[in-house]
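As structure tokens, the structure follows; a few thoughts come after it.
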Amino acid sequence: MELAQFLARHQHGVEFSNEKAPMRQYDLSVLFNRFAFPTNLEDGIEAGDVRQLRLKPIDHEGRRVTFENAAKADGTIWDMADEEFGANSPLRRGWVITQAKLAIKFHPKGDSRRCRSLTLAVTMPHGCNLKEQTEQEPLIGEKYLHRCRILIDDQPLFDD
């Protein structure tokens with residue numbers, strides 16, 4: 001522990017404490033309503049989409065429903081829920097969203113015709129696959145989770 005404190009202080013100019021970092025806090029309730037995925041041209045993002053929602057009823061711990069919309073499917077998760085369940089859709093009342101998968105599709109780079117995509121998997125209340133991504137992807141992922149109001153624990157490290 002003393003070595004870590006020494007290195008933090010002398011190499012990075014920060015005081016190292018033995019306190020654990022607070023866990024990230026996510027709120028998936030914003031996904032009950034349709035929304036347009038926000039994008040910035042400077043980030044190279046072509047589009048964003050909600051690909052999967054997993055829900056559980058408020059009063060039954062052991063039950064789950066998952067809505068999944070493939071990349072090439074017509075419509076959205078919300079369209080599918082309305083078509084299949086109408087007024088009884090779990091996205092309308094009595095359910096909690098416990099997991100979501102969002103896909104961010106980037107514009108092709110250079111001569112390539114293929115788009116690269118980033119899938120963000122968020123599980124309530126503290127789980128996310130951001131740390132499993134390559135070097136730049138967590139920055140983009142965190143930025144857009146903040147912009148969508150899904151990541152709610154702290155202030156973003158960037159300006160829009």
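The way I read the labels, and the way they are meant: chains A, B, ... in the order of the structure tokens, residue 1 as the first residue of every chain, and ligand 1 as the first ligand shown, with later ones counted on from there.
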
Legend entry - Near-Cys128 in chain A list (12 Å; only C-alpha atoms; drop same-chain fewer than 2 positions) as a ChimeraX atom specification: /A:23-28,98-102,119-126,130-133,138,141-142,145,150-151

Inset, instruction - Would you mind listing what lies within 10 Å of Phe37 in chain A as JSON, numbers by chain, with only C-alpha atoms counted and same-chain residues fewer than 2 positions away left out? - result: {"A": [34, 35, 39, 47, 48, 49, 50, 102, 103, 104, 144, 147, 148]}

For the selection you just gave me, I'd like the residues written to a file as a short mmCIF file (atom, residue, chain, number, x, y, z; two decimals), in the first residue's frame, keeping C-alpha atoms.
```cif
data_model
loop_
_atom_site.label_atom_id
_atom_site.label_comp_id
_atom_site.auth_asym_id
_atom_site.auth_seq_id
_atom_site.Cartn_x
_atom_site.Cartn_y
_atom_site.Cartn_z
CA ARG A 34 -39.05 6.13 -27.46
CA PHE A 35 -36.11 8.41 -28.01
CA THR A 39 -25.13 11.83 -32.11
CA ALA A 47 -26.60 6.05 -35.78
CA GLY A 48 -27.47 4.56 -32.44
CA ASP A 49 -30.16 2.07 -31.57
CA VAL A 50 -31.61 0.15 -28.64
CA LEU A 102 -27.42 -0.30 -27.25
CA ALA A 103 -25.60 -0.38 -30.58
CA ILE A 104 -23.57 2.57 -31.81
CA TYR A 144 -23.37 8.75 -24.96
CA ARG A 147 -26.19 12.09 -23.05
CA CYS A 148 -28.97 9.47 -23.03
#
```

Legend entry - strand (DSSP E) positions in range 35-89 of chain A, given as a ChimeraX atom specification: /A:45-57,65-68

Legend entry - Interatomic distance, CA of Pro57 in chain A to CA of Ser29 in chain A (Å, one decimal):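 Separation between CA of Pro57 in chain A and CA of Ser29 in chain A: 13.5 Å.
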
Inset, instruction - Identify, on the basis of only C-alpha atoms, every residue whose closest approach to Glu46 in chain A does not exceed 12 Å; exclude the query and any residue fewer than 5 positions from it along the same chain; express the result as a ChimeraX atom specification. - result: /A:37-41,103-109,114-118

Suppose we keep C-alpha atoms; can you now write the selection as a PDB file, in the first residue's frame?
```pdb
ATOM      1  CA  PHE A  37     -30.273   8.405 -30.105  1.00  0.00           C
ATOM      2  CA  PRO A  38     -28.173  11.597 -29.853  1.00  0.00           C
ATOM      3  CA  THR A  39     -25.126  11.828 -32.112  1.00  0.00           C
ATOM      4  CA  ASN A  40     -22.331  14.292 -32.847  1.00  0.00           C
ATOM      5  CA  LEU A  41     -20.710  14.385 -36.263  1.00  0.00           C
ATOM      6  CA  ALA A 103     -25.601  -0.381 -30.577  1.00  0.00           C
ATOM      7  CA  ILE A 104     -23.569   2.571 -31.815  1.00  0.00           C
ATOM      8  CA  LYS A 105     -22.794   2.400 -35.526  1.00  0.00           C
ATOM      9  CA  PHE A 106     -19.829   4.436 -36.780  1.00  0.00           C
ATOM     10  CA  HIS A 107     -19.378   5.904 -40.254  1.00  0.00           C
ATOM     11  CA  PRO A 108     -16.958   3.864 -42.412  1.00  0.00           C
ATOM     12  CA  LYS A 109     -13.364   5.097 -42.307  1.00  0.00           C
ATOM     13  CA  ARG A 114     -18.082  -1.532 -43.661  1.00  0.00           C
ATOM     14  CA  CYS A 115     -19.243   0.250 -40.557  1.00  0.00           C
ATOM     15  CA  ARG A 116     -17.739  -0.533 -37.187  1.00  0.00           C
ATOM     16  CA  SER A 117     -20.143  -0.808 -34.283  1.00  0.00           C
ATOM     17  CA  LEU A 118     -19.936  -0.671 -30.526  1.00  0.00           C
TER      18      LEU A 118
END
```

Inset, instruction - Please measure the separation of CA of Asp59 in chain A and CA of Gly75 in chain A, giving the value in Å to one decimal. - result: 29.8 Å

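Relative to CA of Arg54 in chain A, CA of Gly94 in chain A is found at 13.6 Å.
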
Inset, instruction - Please return as JSON, numbers by chain: the residues of chain A that backbone DSSP assigns to alpha helix (DSSP H). - result: {"A": [2, 3, 4, 5, 6, 7, 8, 9, 10, 11, 12, 77, 78, 79, 80, 81, 82, 83, 84, 85, 137, 138, 139, 140, 141, 142, 143, 144, 145, 146, 147]}

Using the selection just defined, write its residues with C-alpha atoms as a PDB file, in the first residue's frame.
```
ATOM      1  CA  GLU A   2       2.819   2.395   0.825  1.00  0.00           C
ATOM      2  CA  LEU A   3       4.372   1.823  -2.606  1.00  0.00           C
ATOM      3  CA  ALA A   4       1.081   2.659  -4.339  1.00  0.00           C
ATOM      4  CA  GLN A   5       0.760   5.861  -2.300  1.00  0.00           C
ATOM      5  CA  PHE A   6       4.370   6.812  -3.079  1.00  0.00           C
ATOM      6  CA  LEU A   7       3.934   6.234  -6.833  1.00  0.00           C
ATOM      7  CA  ALA A   8       0.633   8.092  -6.970  1.00  0.00           C
ATOM      8  CA  ARG A   9       2.110  11.080  -5.158  1.00  0.00           C
ATOM      9  CA  HIS A  10       5.502  11.286  -6.901  1.00  0.00           C
ATOM     10  CA  GLN A  11       4.743  10.093 -10.416  1.00  0.00           C
ATOM     11  CA  HIS A  12       1.208  11.374 -10.877  1.00  0.00           C
ATOM     12  CA  ILE A  77     -38.114  -2.179 -29.765  1.00  0.00           C
ATOM     13  CA  TRP A  78     -41.062   0.065 -28.895  1.00  0.00           C
ATOM     14  CA  ASP A  79     -42.796  -0.735 -32.223  1.00  0.00           C
ATOM     15  CA  MET A  80     -42.362  -4.451 -31.559  1.00  0.00           C
ATOM     16  CA  ALA A  81     -43.750  -4.170 -28.016  1.00  0.00           C
ATOM     17  CA  ASP A  82     -46.774  -2.231 -29.267  1.00  0.00           C
ATOM     18  CA  GLU A  83     -47.420  -4.664 -32.146  1.00  0.00           C
ATOM     19  CA  GLU A  84     -47.153  -7.774 -29.963  1.00  0.00           C
ATOM     20  CA  PHE A  85     -48.742  -6.571 -26.715  1.00  0.00           C
ATOM     21  CA  GLU A 137     -14.610   3.010 -27.042  1.00  0.00           C
ATOM     22  CA  PRO A 138     -15.147   3.607 -23.296  1.00  0.00           C
ATOM     23  CA  LEU A 139     -14.834   7.362 -23.885  1.00  0.00           C
ATOM     24  CA  ILE A 140     -17.492   7.347 -26.611  1.00  0.00           C
ATOM     25  CA  GLY A 141     -19.665   4.893 -24.679  1.00  0.00           C
ATOM     26  CA  GLU A 142     -19.529   6.926 -21.480  1.00  0.00           C
ATOM     27  CA  LYS A 143     -20.240  10.142 -23.358  1.00  0.00           C
ATOM     28  CA  TYR A 144     -23.371   8.747 -24.962  1.00  0.00           C
ATOM     29  CA  LEU A 145     -24.603   6.948 -21.840  1.00  0.00           C
ATOM     30  CA  HIS A 146     -24.454  10.366 -20.132  1.00  0.00           C
ATOM     31  CA  ARG A 147     -26.188  12.087 -23.049  1.00  0.00           C
TER      32      ARG A 147
END
```
